[in-house]
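S.K.: entry_20.txt is the file, holding compact mmCIF, C-alpha atoms:
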```txt
# COMPACT_ATOMS: atom_id res chain seq x y z
CA MET A 19 54.12 133.92 -156.94
CA SER A 20 52.38 133.86 -160.30
CA ASP A 21 55.48 134.33 -162.46
CA THR A 22 56.75 130.88 -161.43
CA ILE A 23 53.76 128.96 -162.85
CA GLY A 24 55.02 126.68 -165.59
CA PRO A 25 53.12 124.70 -168.24
CA GLU A 26 53.50 121.47 -166.27
CA ALA A 27 51.82 122.83 -163.11
CA ARG A 28 48.59 120.99 -162.25
CA PRO A 29 46.22 123.60 -160.80
CA ARG A 30 43.36 122.48 -158.60
CA LEU A 31 40.74 124.12 -156.44
CA PRO A 32 41.50 123.13 -152.83
CA ARG A 33 38.91 122.12 -150.28
CA GLY A 34 37.10 125.24 -149.12
CA VAL A 35 37.00 126.78 -152.61
CA ARG A 36 33.92 125.88 -154.62
CA LEU A 37 32.78 126.62 -158.12
CA ARG A 38 29.01 126.76 -158.30
CA GLN A 39 26.17 127.99 -160.41
CA ASP A 40 23.83 130.31 -158.55
CA PRO A 41 20.25 130.27 -159.80
CA ALA A 42 19.22 133.19 -157.55
CA ARG A 43 21.67 135.51 -159.32
CA GLY A 44 21.93 133.76 -162.68
CA ALA A 45 25.71 133.62 -162.38
CA TRP A 46 28.66 131.32 -161.82
CA LEU A 47 30.46 131.99 -158.55
CA LEU A 48 33.69 130.97 -156.89
CA LEU A 49 32.94 130.57 -153.18
CA ALA A 50 35.80 130.85 -150.70
CA PRO A 51 36.20 131.66 -147.01
CA GLU A 52 34.41 134.97 -146.30
CA THR A 53 34.48 135.93 -149.94
CA LEU A 54 33.07 135.16 -153.36
CA PHE A 55 33.81 136.11 -156.95
CA GLU A 56 31.38 136.37 -159.83
CA LEU A 57 33.01 134.72 -162.82
CA ASN A 58 32.84 135.45 -166.52
CA GLN A 59 32.32 132.58 -168.95
CA SER A 60 35.99 132.12 -169.85
CA SER A 61 37.04 131.98 -166.18
CA VAL A 62 34.37 129.35 -165.56
CA GLU A 63 35.70 127.20 -168.41
CA ILE A 64 39.26 127.49 -167.07
CA LEU A 65 38.32 126.71 -163.47
CA LYS A 66 36.12 123.73 -164.42
CA ARG A 67 39.33 122.17 -165.74
CA CYS A 68 41.39 122.89 -162.59
CA THR A 69 40.91 119.47 -161.01
CA GLY A 70 44.57 118.61 -160.43
CA GLU A 71 44.44 116.02 -163.23
CA LYS A 72 45.45 118.20 -166.16
CA SER A 73 48.58 120.30 -166.54
CA LEU A 74 48.32 123.96 -167.45
CA ARG A 75 49.54 123.03 -170.96
CA GLU A 76 46.78 120.43 -171.32
CA ILE A 77 44.13 122.85 -170.03
CA VAL A 78 45.17 125.46 -172.60
CA ASP A 79 45.26 122.82 -175.40
CA ASP A 80 41.77 121.66 -174.47
CA LEU A 81 40.37 125.22 -174.38
CA ALA A 82 42.06 126.14 -177.67
CA VAL A 83 40.43 123.18 -179.43
CA THR A 84 37.04 123.41 -177.72
CA PHE A 85 36.55 127.12 -178.34
CA ALA A 86 38.74 127.53 -181.46
CA VAL A 87 40.68 130.41 -179.91
CA GLU A 88 44.28 131.45 -180.50
CA ARG A 89 46.49 129.42 -178.14
CA GLU A 90 48.95 132.18 -177.18
CA ARG A 91 46.27 134.53 -175.92
CA LEU A 92 44.54 131.72 -174.04
CA GLU A 93 47.79 130.75 -172.36
CA ARG A 94 48.34 134.32 -171.20
CA GLU A 95 44.80 134.63 -169.81
CA THR A 96 44.82 131.25 -168.12
CA THR A 97 48.22 131.78 -166.50
CA ALA A 98 47.15 135.22 -165.27
CA LEU A 99 43.89 133.94 -163.72
CA ILE A 100 45.56 130.97 -162.04
CA GLY A 101 48.38 133.21 -160.79
CA GLN A 102 45.95 135.69 -159.23
CA LEU A 103 43.98 132.94 -157.51
CA HIS A 104 47.16 131.22 -156.37
CA ASP A 105 48.34 134.44 -154.71
CA LYS A 106 45.01 134.52 -152.85
CA ARG A 107 45.47 130.82 -151.92
CA LEU A 108 42.35 129.88 -153.84
CA ILE A 109 44.22 127.53 -156.18
CA ASP A 110 46.87 124.96 -155.30
CA LEU A 111 49.59 123.91 -157.73
CA MET B 27 10.40 149.97 -157.41
CA THR B 28 13.69 148.12 -157.49
CA ILE B 29 13.90 144.43 -156.70
CA LEU B 30 15.58 143.68 -153.39
CA PRO B 31 18.76 141.66 -154.02
CA PRO B 32 19.07 138.41 -152.04
CA PRO B 33 21.33 138.19 -148.98
CA ILE B 34 24.74 136.56 -149.34
CA GLY B 35 25.48 135.43 -145.79
CA LEU B 36 23.68 134.00 -142.79
CA LEU B 37 25.30 134.18 -139.37
CA ALA B 38 23.79 131.32 -137.37
CA GLU B 39 24.47 131.91 -133.71
CA LEU B 40 23.77 128.36 -132.60
CA THR B 41 24.27 129.11 -128.91
CA HIS B 42 25.50 131.90 -126.68
CA ARG B 43 27.25 129.40 -124.38
CA CYS B 44 31.05 129.76 -124.54
CA PRO B 45 33.86 128.37 -122.40
CA LEU B 46 35.99 131.50 -122.92
CA GLY B 47 35.50 134.85 -121.23
CA CYS B 48 37.11 137.24 -123.73
CA PRO B 49 36.82 140.90 -122.67
CA TYR B 50 36.29 141.99 -126.32
CA CYS B 51 33.28 139.72 -126.89
CA SER B 52 30.91 141.49 -129.27
CA ASN B 53 27.87 139.48 -128.22
CA PRO B 54 25.21 141.43 -126.34
CA THR B 55 25.52 141.96 -122.60
CA ARG B 56 22.31 139.90 -122.16
CA LEU B 57 22.55 136.44 -123.69
CA ASP B 58 19.91 133.95 -124.83
CA PRO B 59 19.79 131.13 -122.23
CA LYS B 60 20.19 127.49 -123.29
CA SER B 61 16.52 126.72 -122.61
CA THR B 62 15.47 129.12 -125.39
CA GLU B 63 17.83 127.74 -128.10
CA LEU B 64 16.29 126.63 -131.41
CA ASP B 65 16.18 122.87 -131.93
CA THR B 66 17.87 120.94 -134.74
CA ALA B 67 14.77 120.77 -136.96
CA THR B 68 14.16 124.52 -136.76
CA TRP B 69 17.76 125.32 -137.71
CA GLN B 70 17.46 122.89 -140.63
CA ARG B 71 14.33 124.68 -141.81
CA VAL B 72 16.13 128.04 -141.48
CA PHE B 73 18.99 126.74 -143.66
CA GLN B 74 16.52 125.46 -146.25
CA GLU B 75 14.80 128.87 -146.37
CA ALA B 76 18.20 130.58 -146.54
CA ALA B 77 19.22 128.50 -149.56
CA GLU B 78 15.90 129.26 -151.29
CA LEU B 79 16.39 132.96 -150.58
CA GLY B 80 19.81 132.95 -152.27
CA VAL B 81 22.14 132.80 -149.25
CA LEU B 82 25.54 131.35 -150.19
CA HIS B 83 27.62 131.34 -146.99
CA VAL B 84 26.44 130.06 -143.60
CA HIS B 85 28.64 131.00 -140.66
CA LEU B 86 28.08 128.59 -137.77
CA SER B 87 28.94 130.66 -134.76
CA GLY B 88 28.00 131.48 -131.19
CA GLY B 89 29.13 131.47 -128.41
CA GLU B 90 30.93 128.24 -129.07
CA PRO B 91 29.05 126.26 -131.74
CA ALA B 92 30.79 123.04 -130.63
CA SER B 93 28.69 123.32 -127.44
CA ARG B 94 25.83 122.02 -129.62
CA PRO B 95 25.83 118.19 -129.87
CA ASP B 96 23.94 118.43 -133.20
CA LEU B 97 26.66 120.49 -134.91
CA ALA B 98 27.61 117.77 -137.43
CA ARG B 99 23.95 117.27 -138.40
CA LEU B 100 23.61 120.99 -139.02
CA VAL B 101 26.78 121.00 -141.16
CA ALA B 102 25.39 118.05 -143.15
CA SER B 103 22.17 120.00 -143.80
CA CYS B 104 24.16 122.95 -145.15
CA ALA B 105 26.15 120.63 -147.40
CA GLU B 106 22.98 118.98 -148.80
CA LEU B 107 21.58 122.42 -149.62
CA GLY B 108 24.80 123.54 -151.35
CA LEU B 109 25.43 126.18 -148.67
CA TYR B 110 29.07 126.99 -147.94
CA SER B 111 29.60 126.19 -144.25
CA ASN B 112 32.10 128.11 -142.15
CA LEU B 113 32.65 127.06 -138.53
CA ILE B 114 33.65 129.99 -136.31
CA THR B 115 35.10 128.42 -133.18
CA SER B 116 37.23 128.92 -130.08
CA GLY B 117 38.43 125.34 -130.62
CA VAL B 118 37.39 124.30 -127.12
CA GLY B 119 35.24 121.18 -127.42
CA LEU B 120 36.68 120.03 -130.74
CA THR B 121 38.38 116.63 -130.53
CA GLU B 122 40.10 114.71 -133.32
CA SER B 123 37.07 112.48 -133.85
CA ARG B 124 34.67 115.42 -133.82
CA ILE B 125 36.73 117.31 -136.41
CA GLY B 126 36.76 114.14 -138.54
CA THR B 127 32.97 113.86 -138.29
CA LEU B 128 32.51 117.53 -139.24
CA GLY B 129 34.81 117.06 -142.24
CA GLU B 130 32.85 114.01 -143.40
CA ALA B 131 29.59 115.93 -142.95
CA GLY B 132 30.89 118.38 -145.57
CA LEU B 133 32.24 121.30 -143.56
CA ASP B 134 33.91 123.75 -145.95
CA HIS B 135 36.09 125.86 -143.68
CA VAL B 136 37.20 126.40 -140.08
CA GLN B 137 37.91 129.77 -138.51
CA LEU B 138 39.74 129.46 -135.21
CA SER B 139 40.21 132.33 -132.76
CA ILE B 140 43.55 132.73 -130.97
CA GLN B 141 44.08 135.47 -128.41
CA ASP B 142 47.84 136.12 -128.57
CA ALA B 143 51.19 134.68 -129.74
CA VAL B 144 52.45 134.34 -126.15
CA PRO B 145 50.72 131.44 -124.31
CA GLU B 146 50.40 133.07 -120.86
CA SER B 147 48.99 136.26 -122.36
CA ALA B 148 46.62 134.34 -124.65
CA ASP B 149 45.24 132.39 -121.68
CA ARG B 150 44.87 135.56 -119.63
CA ILE B 151 42.93 137.33 -122.39
CA ALA B 152 40.66 134.31 -122.97
CA GLY B 153 40.19 133.92 -119.21
CA TYR B 154 40.81 130.19 -119.68
CA ARG B 155 43.90 128.35 -118.50
CA GLY B 156 45.35 126.10 -121.20
CA ALA B 157 43.36 127.75 -124.01
CA PHE B 158 46.45 128.51 -126.13
CA ALA B 159 47.80 124.93 -126.02
CA ARG B 160 44.33 123.58 -126.80
CA LYS B 161 43.96 125.90 -129.80
CA ARG B 162 47.38 124.97 -131.19
CA GLU B 163 46.33 121.34 -131.06
CA VAL B 164 42.96 122.06 -132.73
CA ALA B 165 44.75 123.95 -135.53
CA ARG B 166 46.98 120.92 -136.10
CA LEU B 167 43.99 118.56 -136.17
CA VAL B 168 42.03 120.76 -138.58
CA VAL B 169 44.95 120.94 -141.02
CA ALA B 170 45.61 117.19 -140.64
CA ALA B 171 41.96 116.50 -141.50
CA GLY B 172 42.45 118.38 -144.78
CA LEU B 173 40.17 121.25 -143.83
CA PRO B 174 41.15 124.81 -144.76
CA LEU B 175 42.01 126.88 -141.71
CA THR B 176 41.70 130.61 -141.04
CA VAL B 177 43.12 131.94 -137.79
CA ASN B 178 41.37 134.97 -136.37
CA PHE B 179 43.08 137.48 -134.08
CA VAL B 180 41.38 140.42 -132.42
CA LEU B 181 43.93 143.17 -131.76
CA HIS B 182 43.75 145.42 -128.71
CA ARG B 183 46.14 147.00 -126.23
CA GLY B 184 47.05 143.64 -124.68
CA ASN B 185 48.45 142.09 -127.90
CA ILE B 186 48.73 144.81 -130.56
CA ASP B 187 52.51 145.16 -130.21
CA ARG B 188 52.81 141.53 -131.40
CA ALA B 189 50.80 141.94 -134.63
CA GLY B 190 53.71 140.62 -136.69
CA ALA B 191 54.24 137.60 -134.43
CA LEU B 192 50.54 136.75 -134.77
CA VAL B 193 50.82 136.51 -138.55
CA GLU B 194 53.92 134.32 -138.18
CA LEU B 195 52.06 132.06 -135.74
CA ALA B 196 49.21 131.65 -138.24
CA ILE B 197 51.70 130.63 -140.95
CA GLU B 198 53.38 128.16 -138.58
CA LEU B 199 49.98 126.61 -137.80
CA GLY B 200 49.35 125.98 -141.49
CA ALA B 201 46.52 128.49 -141.93
CA ARG B 202 45.77 129.54 -145.51
CA ARG B 203 44.26 132.75 -144.28
CA VAL B 204 44.49 135.01 -141.23
CA GLU B 205 42.09 137.68 -140.08
CA ILE B 206 43.56 140.56 -138.14
CA ALA B 207 40.64 142.52 -136.77
CA HIS B 208 41.15 145.49 -134.50
CA ALA B 209 38.74 145.31 -131.56
CA GLN B 210 35.37 146.90 -132.13
CA TYR B 211 33.41 148.16 -129.19
CA TYR B 212 29.99 146.52 -129.17
CA GLY B 213 28.17 144.51 -126.55
CA TRP B 214 30.50 143.20 -123.88
CA ALA B 215 33.54 144.85 -125.49
CA LEU B 216 32.15 148.33 -124.81
CA THR B 217 32.28 147.55 -121.07
CA ASN B 218 36.02 146.88 -121.43
CA ARG B 219 36.87 149.65 -123.88
CA ALA B 220 39.19 151.53 -121.51
CA ALA B 221 41.23 148.36 -120.91
CA LEU B 222 41.32 147.39 -124.61
CA GLN B 223 41.90 150.68 -126.42
CA PRO B 224 45.36 150.93 -128.02
CA SER B 225 47.08 154.27 -128.45
CA PRO B 226 47.14 155.94 -131.88
CA ALA B 227 50.91 155.26 -132.07
CA GLN B 228 50.39 151.55 -131.36
CA VAL B 229 47.71 151.39 -134.04
CA ARG B 230 49.95 153.08 -136.62
CA ARG B 231 52.81 150.66 -135.95
CA ALA B 232 50.53 147.60 -136.07
CA VAL B 233 48.80 148.67 -139.28
CA ALA B 234 52.16 149.28 -140.99
CA GLU B 235 53.50 145.92 -139.80
CA VAL B 236 50.44 143.96 -140.98
CA GLU B 237 50.48 145.69 -144.37
CA ARG B 238 54.19 144.87 -144.73
CA GLN B 239 53.50 141.20 -143.93
CA LYS B 240 50.61 141.13 -146.40
CA ALA B 241 52.99 141.92 -149.25
CA ALA B 242 55.80 139.69 -147.92
CA HIS B 243 53.61 136.56 -147.60
CA ALA B 244 51.42 136.73 -150.72
CA GLY B 245 50.94 133.18 -151.97
CA THR B 246 51.72 131.73 -148.52
CA ILE B 247 48.94 133.22 -146.45
CA VAL B 248 46.17 135.69 -147.17
CA ILE B 249 45.89 138.47 -144.60
CA ASP B 250 42.50 140.11 -144.21
CA HIS B 251 43.04 143.22 -142.18
CA VAL B 252 40.02 144.91 -140.60
CA ALA B 253 40.88 148.56 -139.89
CA PRO B 254 40.44 150.08 -136.42
CA ASP B 255 37.56 152.46 -137.02
CA TYR B 256 38.17 154.78 -134.04
CA HIS B 257 41.49 155.62 -135.68
CA ALA B 258 40.22 155.96 -139.25
CA ARG B 259 39.12 158.93 -141.33
CA TYR B 260 35.86 157.43 -142.57
CA PRO B 261 33.60 154.82 -141.00
CA LYS B 262 33.46 151.18 -142.02
CA ALA B 263 30.68 150.11 -144.36
CA CYS B 264 29.11 148.22 -141.49
CA MET B 265 27.65 144.88 -142.69
CA GLY B 266 28.17 146.21 -146.24
CA GLY B 267 25.11 148.39 -145.55
CA TRP B 268 22.15 147.73 -143.24
CA ALA B 269 20.08 144.72 -144.41
CA ARG B 270 21.92 144.66 -147.72
CA ARG B 271 24.05 141.50 -147.62
CA SER B 272 23.38 139.38 -144.55
CA LEU B 273 21.13 138.12 -141.80
CA ASN B 274 21.96 137.18 -138.25
CA VAL B 275 19.87 134.59 -136.38
CA THR B 276 20.24 134.56 -132.57
CA PRO B 277 20.23 131.28 -130.59
CA SER B 278 16.53 131.69 -129.82
CA GLY B 279 15.60 132.63 -133.41
CA ARG B 280 15.34 136.41 -133.54
CA VAL B 281 16.60 137.66 -136.88
CA LEU B 282 18.79 140.76 -136.81
CA PRO B 283 20.33 142.85 -139.59
CA CYS B 284 23.55 142.82 -137.53
CA HIS B 285 25.03 141.46 -134.38
CA ALA B 286 24.38 144.50 -132.20
CA ALA B 287 21.06 145.67 -133.66
CA GLU B 288 19.15 144.96 -130.45
CA THR B 289 20.99 147.85 -128.77
CA ILE B 290 18.87 150.23 -130.87
CA PRO B 291 15.63 150.95 -129.00
CA GLY B 292 12.30 150.76 -130.78
CA LEU B 293 13.25 148.32 -133.56
CA GLU B 294 10.83 145.44 -134.14
CA PHE B 295 12.60 142.12 -134.74
CA TRP B 296 10.83 139.08 -136.12
CA SER B 297 11.64 135.49 -135.22
CA VAL B 298 12.07 132.42 -137.41
CA VAL B 299 9.56 130.78 -135.07
CA ASP B 300 6.78 133.03 -136.49
CA HIS B 301 7.99 133.98 -139.98
CA SER B 302 9.94 132.57 -142.90
CA LEU B 303 13.40 133.96 -143.51
CA GLY B 304 12.19 135.34 -146.85
CA GLU B 305 9.37 137.32 -145.19
CA ILE B 306 11.80 138.64 -142.61
CA TRP B 307 14.34 139.72 -145.26
CA THR B 308 11.79 141.69 -147.25
CA SER B 309 9.33 142.88 -144.61
CA ALA B 310 10.58 142.80 -141.01
CA PRO B 311 10.44 146.37 -139.67
CA ALA B 312 13.98 146.17 -138.24
CA PHE B 313 15.36 145.28 -141.68
CA ASN B 314 13.64 148.18 -143.39
CA ALA B 315 14.48 150.73 -140.68
CA PHE B 316 17.86 151.76 -142.17
CA ARG B 317 17.82 150.07 -145.55
CA GLY B 318 19.02 152.21 -148.45
CA THR B 319 19.77 155.91 -147.97
CA ASP B 320 16.35 157.56 -147.34
CA TRP B 321 16.81 157.51 -143.55
CA MET B 322 20.01 159.55 -143.73
CA ARG B 323 20.47 163.06 -142.42
CA GLU B 324 23.26 165.53 -143.05
CA PRO B 325 26.18 165.21 -143.47
CA CYS B 326 25.40 161.75 -144.96
CA ARG B 327 22.41 162.88 -147.03
CA SER B 328 24.49 164.95 -149.45
CA CYS B 329 27.73 162.98 -149.06
CA PRO B 330 29.29 161.38 -152.16
CA ARG B 331 30.35 158.46 -149.95
CA GLN B 332 26.79 157.55 -148.89
CA GLU B 333 26.84 154.33 -150.92
CA VAL B 334 30.49 153.65 -150.08
CA ASP B 335 30.12 153.39 -146.31
CA PHE B 336 26.31 153.75 -145.87
CA GLY B 337 26.79 156.23 -143.04
CA GLY B 338 28.88 153.73 -141.08
CA CYS B 339 27.42 151.81 -138.18
CA ARG B 340 23.94 152.51 -136.75
CA CYS B 341 24.74 150.74 -133.49
CA GLN B 342 27.89 152.80 -133.00
CA ALA B 343 25.92 156.02 -133.62
CA MET B 344 23.46 154.81 -130.97
CA ALA B 345 26.15 153.81 -128.49
CA LEU B 346 28.28 156.93 -128.77
CA VAL B 347 25.85 159.75 -129.54
CA GLY B 348 22.50 158.22 -128.54
CA ASP B 349 20.93 158.52 -132.01
CA PRO B 350 20.84 155.64 -134.53
CA ARG B 351 20.13 158.08 -137.41
CA ALA B 352 23.27 160.12 -136.77
CA THR B 353 26.37 159.79 -138.93
CA ASP B 354 28.71 157.22 -137.39
CA PRO B 355 30.75 159.49 -135.07
CA VAL B 356 34.06 157.94 -136.15
CA CYS B 357 33.58 159.78 -139.48
CA THR B 358 35.71 162.92 -139.63
CA LEU B 359 32.73 164.66 -141.28
CA SER B 360 30.57 163.94 -138.22
CA PRO B 361 29.95 166.84 -135.82
CA ASP B 362 30.50 164.29 -133.01
CA ARG B 363 33.97 163.09 -134.08
CA ALA B 364 35.52 165.07 -131.18
CA LYS B 365 33.80 162.66 -128.76
CA VAL B 366 35.66 159.72 -130.30
CA ASP B 367 39.01 161.50 -130.17
CA ALA B 368 38.36 162.53 -126.56
CA ALA B 369 37.57 158.91 -125.62
CA VAL B 370 40.76 157.60 -127.24
CA LEU B 371 42.83 160.29 -125.52
CA ALA B 372 41.22 159.69 -122.12
CA GLU B 373 41.76 155.94 -122.43
CA THR B 374 45.31 155.94 -123.74
CA GLY B 375 46.95 159.28 -122.93
CA GLY B 376 49.23 160.14 -119.98
CA ASP B 377 50.41 157.67 -117.34
CA ARG B 378 47.41 155.46 -117.12
CA GLU B 379 47.57 152.30 -115.02
CA ASP B 380 46.79 149.10 -116.89
CA GLN B 381 43.27 148.10 -115.98
CA GLY B 382 42.01 144.59 -115.39
CA TYR B 383 39.38 143.05 -117.67
CA VAL B 384 35.76 142.47 -116.84
CA TYR B 385 35.52 138.86 -118.02
CA ARG B 386 32.42 137.45 -119.62
CA ARG B 387 31.14 134.68 -117.34
```
Translate this structure into structure tokens?
M.R.:
Amino acid sequence: MSDTIGPEARPRLPRGVRLRQDPARGAWLLLAPETLFELNQSSVEILKRCTGEKSLREIVDDLAVTFAVERERLERETTALIGQLHDKRLIDL
Amino acid sequence: MTILPPPIGLLAELTHRCPLGCPYCSNPTRLDPKSTELDTATWQRVFQEAAELGVLHVHLSGGEPASRPDLARLVASCAELGLYSNLITSGVGLTESRIGTLGEAGLDHVQLSIQDAVPESADRIAGYRGAFARKREVARLVVAAGLPLTVNFVLHRGNIDRAGALVELAIELGARRVEIAHAQYYGWALTNRAALQPSPAQVRRAVAEVERQKAAHAGTIVIDHVAPDYHARYPKACMGGWARRSLNVTPSGRVLPCHAAETIPGLEFWSVVDHSLGEIWTSAPAFNAFRGTDWMREPCRSCPRQEVDFGGCRCQAMALVGDPRATDPVCTLSPDRAKVDAAVLAETGGDREDQGYVYRR
């Protein structure tokens, strides 16, 4: 469950879960089996970095520098999003 | 005038041929013969038009889509167009090398049907000896090939008391997701309704068990639970509303707003042979027949739920009360709800003998 995600976890989108831009709707979408989610800009930036190469800590560091946002809040938001998607089996750790 | 939003999903019924004979089959009682099936190039054009129209998910279905030798080429076309491809299969006809080829072609997801958790019962329901063992093996091969697996179970009187065991089987097979769908009575399934209908007590126990498992296995497996509408208070939002989210192309190319739409008399369906998918989506008479809410009568017309469930299912209104404009009779606000309750009671009450199935052959 989401409360066990630590800063060293390396989140990645598994096969069958795709991040894509949709010109017909002018939106970024997360496509998954029989479902899809329209994403806001900050979720897109988080999920683009979920490739399995970076740890959660590194993802948050990168976002904090790139967007000049307070690190603590970013960490909370990122952990929450990844936790929700992990519960739905849309992210592997 | 509001702009019509694009469809999200395309159900591509590549063939009606199927090795199984499931009594709950929702395909129509009259099937498209093999000689009328669309060829590879036409399906590829349909996928191209779907992508241009804004479709995101393509569900490759049937019948058994693996009956088509060009399946991998069709998957590759979806992948090139950026369409998310979902193979809906019985598993029969899928070998290790074929699954490998489909994976390399870019298949996104496999949905495998299994009929029960007990092998003998599963084979009896499918009307196919050895089906259960075959499906177990296909599940193993799909997971080994690195493809995400959903297992799909249709619940009815013959397996509903094992709802919990079905979820456990899906976990054991390595599925990331399981669909538990209570039987719906369309097409062939309506013929077998008396043999399939569970009692209200069985439904209550199964629903409680599946909901308990949903909470217990969060993070291990996702359970999508499709409610049994005969036992519900309000109807399902069938297809998310008529001609609102998806298109259904039959093996010979007729385009339907839903699987069962041809049971409604007087609707004019267009074919991909004569029209583009875009023209069909915006202009085919069958798509516009029940689009939106203007067609509704009371009690739907003044109902605050009219854009929640869109009046339920047009085909069910046709099948049970003979009028596709009526409120879906499973709705407790429908004047015809008593007919649904009477059918459930007649089919499950008292000391009824267990009936045999009429298999699809």
S.K.: Just the number, please: distance in Å from atom CA of B:Met344 to atom CA of B:Ser139, one decimal.
M.R.: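 For atom CA of B:Met344 relative to atom CA of B:Ser139, the distance reads 28.1 Å.
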S.K.: Set the cut-off to 10 Å and count only C-alpha atoms: what are the residues of chain A that reach chain B? Output as a compact mmCIF listing (two decimals) with C-alpha atoms, in the coordinates of the input.
M.R.:
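Below is the file that was written, part25.txt:
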```
# COMPACT_ATOMS: atom_id res chain seq x y z
CA MET A 19 54.12 133.92 -156.94
CA SER A 20 52.38 133.86 -160.30
CA PRO A 32 41.50 123.13 -152.83
CA ARG A 33 38.91 122.12 -150.28
CA GLY A 34 37.10 125.24 -149.12
CA VAL A 35 37.00 126.78 -152.61
CA ARG A 36 33.92 125.88 -154.62
CA ARG A 38 29.01 126.76 -158.30
CA ASP A 40 23.83 130.31 -158.55
CA PRO A 41 20.25 130.27 -159.80
CA ALA A 42 19.22 133.19 -157.55
CA ARG A 43 21.67 135.51 -159.32
CA LEU A 47 30.46 131.99 -158.55
CA LEU A 49 32.94 130.57 -153.18
CA ALA A 50 35.80 130.85 -150.70
CA PRO A 51 36.20 131.66 -147.01
CA GLU A 52 34.41 134.97 -146.30
CA THR A 53 34.48 135.93 -149.94
CA LEU A 54 33.07 135.16 -153.36
CA GLY A 101 48.38 133.21 -160.79
CA GLN A 102 45.95 135.69 -159.23
CA LEU A 103 43.98 132.94 -157.51
CA HIS A 104 47.16 131.22 -156.37
CA ASP A 105 48.34 134.44 -154.71
CA LYS A 106 45.01 134.52 -152.85
CA ARG A 107 45.47 130.82 -151.92
CA LEU A 108 42.35 129.88 -153.84
CA ILE A 109 44.22 127.53 -156.18
CA ASP A 110 46.87 124.96 -155.30
```
S.K.: Which of these residues is nearest to A:Leu111, using only C-alpha atoms: A:Ser73, A:Ser60, A:Thr96, A:Thr84?
M.R.: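 Under the stated criterion, the closest residue is A:Ser73.
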S.K.: If you count only C-alpha atoms, which residues fall within 8 Å of stretch 45-49 of chain B, apart from same-chain ones fewer than 6 positions away, as an MDAnalysis selection string?
M.R.: chainID B and resid 90 116 118 151:154 214:215 218 383:387
S.K.: Name the closest residue to B:Gly184 among the candidates B:Glu75, B:Asp142, B:Glu235, B:Glu198; distances are taken between atoms, counting all atoms listed in the file.
M.R.: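 Checking each of B:Glu75, B:Asp142, B:Glu235, B:Glu198 against B:Gly184, counting all atoms listed in the file, the winner is B:Asp142.
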S.K.: Excluding A:Asn58 and residues on its chain fewer than 5 positions from it, collect all residues at most 10 Å away from it, counting all atoms listed in the file, and give them as JSON, numbers by chain.
M.R.: {"A": [45, 46, 47, 63]}
S.K.: Since the input is missing atoms for stretch 39-50 of chain A, could you rebuild it with N, CA and C atoms and give the result as a PDB file, in the frame of the given file?
M.R.:
```pdb
ATOM      1  N   GLN A  39      27.126 127.171-159.686  1.00  0.00           N
ATOM      2  CA  GLN A  39      26.170 127.990-160.410  1.00  0.00           C
ATOM      3  C   GLN A  39      25.135 128.478-159.406  1.00  0.00           C
ATOM      4  N   ASP A  40      24.758 129.738-159.522  1.00  0.00           N
ATOM      5  CA  ASP A  40      23.830 130.310-158.550  1.00  0.00           C
ATOM      6  C   ASP A  40      22.544 130.733-159.258  1.00  0.00           C
ATOM      7  N   PRO A  41      21.496 129.934-159.092  1.00  0.00           N
ATOM      8  CA  PRO A  41      20.250 130.270-159.800  1.00  0.00           C
ATOM      9  C   PRO A  41      19.654 131.595-159.342  1.00  0.00           C
ATOM     10  N   ALA A  42      19.818 131.948-158.055  1.00  0.00           N
ATOM     11  CA  ALA A  42      19.220 133.190-157.550  1.00  0.00           C
ATOM     12  C   ALA A  42      19.779 134.420-158.266  1.00  0.00           C
ATOM     13  N   ARG A  43      21.040 134.350-158.681  1.00  0.00           N
ATOM     14  CA  ARG A  43      21.670 135.510-159.320  1.00  0.00           C
ATOM     15  C   ARG A  43      21.958 135.279-160.797  1.00  0.00           C
ATOM     16  N   GLY A  44      21.668 134.081-161.282  1.00  0.00           N
ATOM     17  CA  GLY A  44      21.930 133.760-162.680  1.00  0.00           C
ATOM     18  C   GLY A  44      23.388 133.925-163.033  1.00  0.00           C
ATOM     19  N   ALA A  45      24.269 133.414-162.149  1.00  0.00           N
ATOM     20  CA  ALA A  45      25.710 133.620-162.380  1.00  0.00           C
ATOM     21  C   ALA A  45      26.491 132.404-161.885  1.00  0.00           C
ATOM     22  N   TRP A  46      27.725 132.294-162.373  1.00  0.00           N
ATOM     23  CA  TRP A  46      28.660 131.320-161.820  1.00  0.00           C
ATOM     24  C   TRP A  46      29.524 132.043-160.786  1.00  0.00           C
ATOM     25  N   LEU A  47      29.724 131.367-159.640  1.00  0.00           N
ATOM     26  CA  LEU A  47      30.460 131.990-158.550  1.00  0.00           C
ATOM     27  C   LEU A  47      31.595 131.080-158.091  1.00  0.00           C
ATOM     28  N   LEU A  48      32.643 131.703-157.593  1.00  0.00           N
ATOM     29  CA  LEU A  48      33.690 130.970-156.890  1.00  0.00           C
ATOM     30  C   LEU A  48      33.530 131.338-155.414  1.00  0.00           C
ATOM     31  N   LEU A  49      33.159 130.338-154.614  1.00  0.00           N
ATOM     32  CA  LEU A  49      32.940 130.570-153.180  1.00  0.00           C
ATOM     33  C   LEU A  49      34.199 130.194-152.413  1.00  0.00           C
ATOM     34  N   ALA A  50      34.601 131.070-151.503  1.00  0.00           N
ATOM     35  CA  ALA A  50      35.800 130.850-150.700  1.00  0.00           C
ATOM     36  C   ALA A  50      35.541 131.423-149.315  1.00  0.00           C
TER      37      ALA A  50
END
```
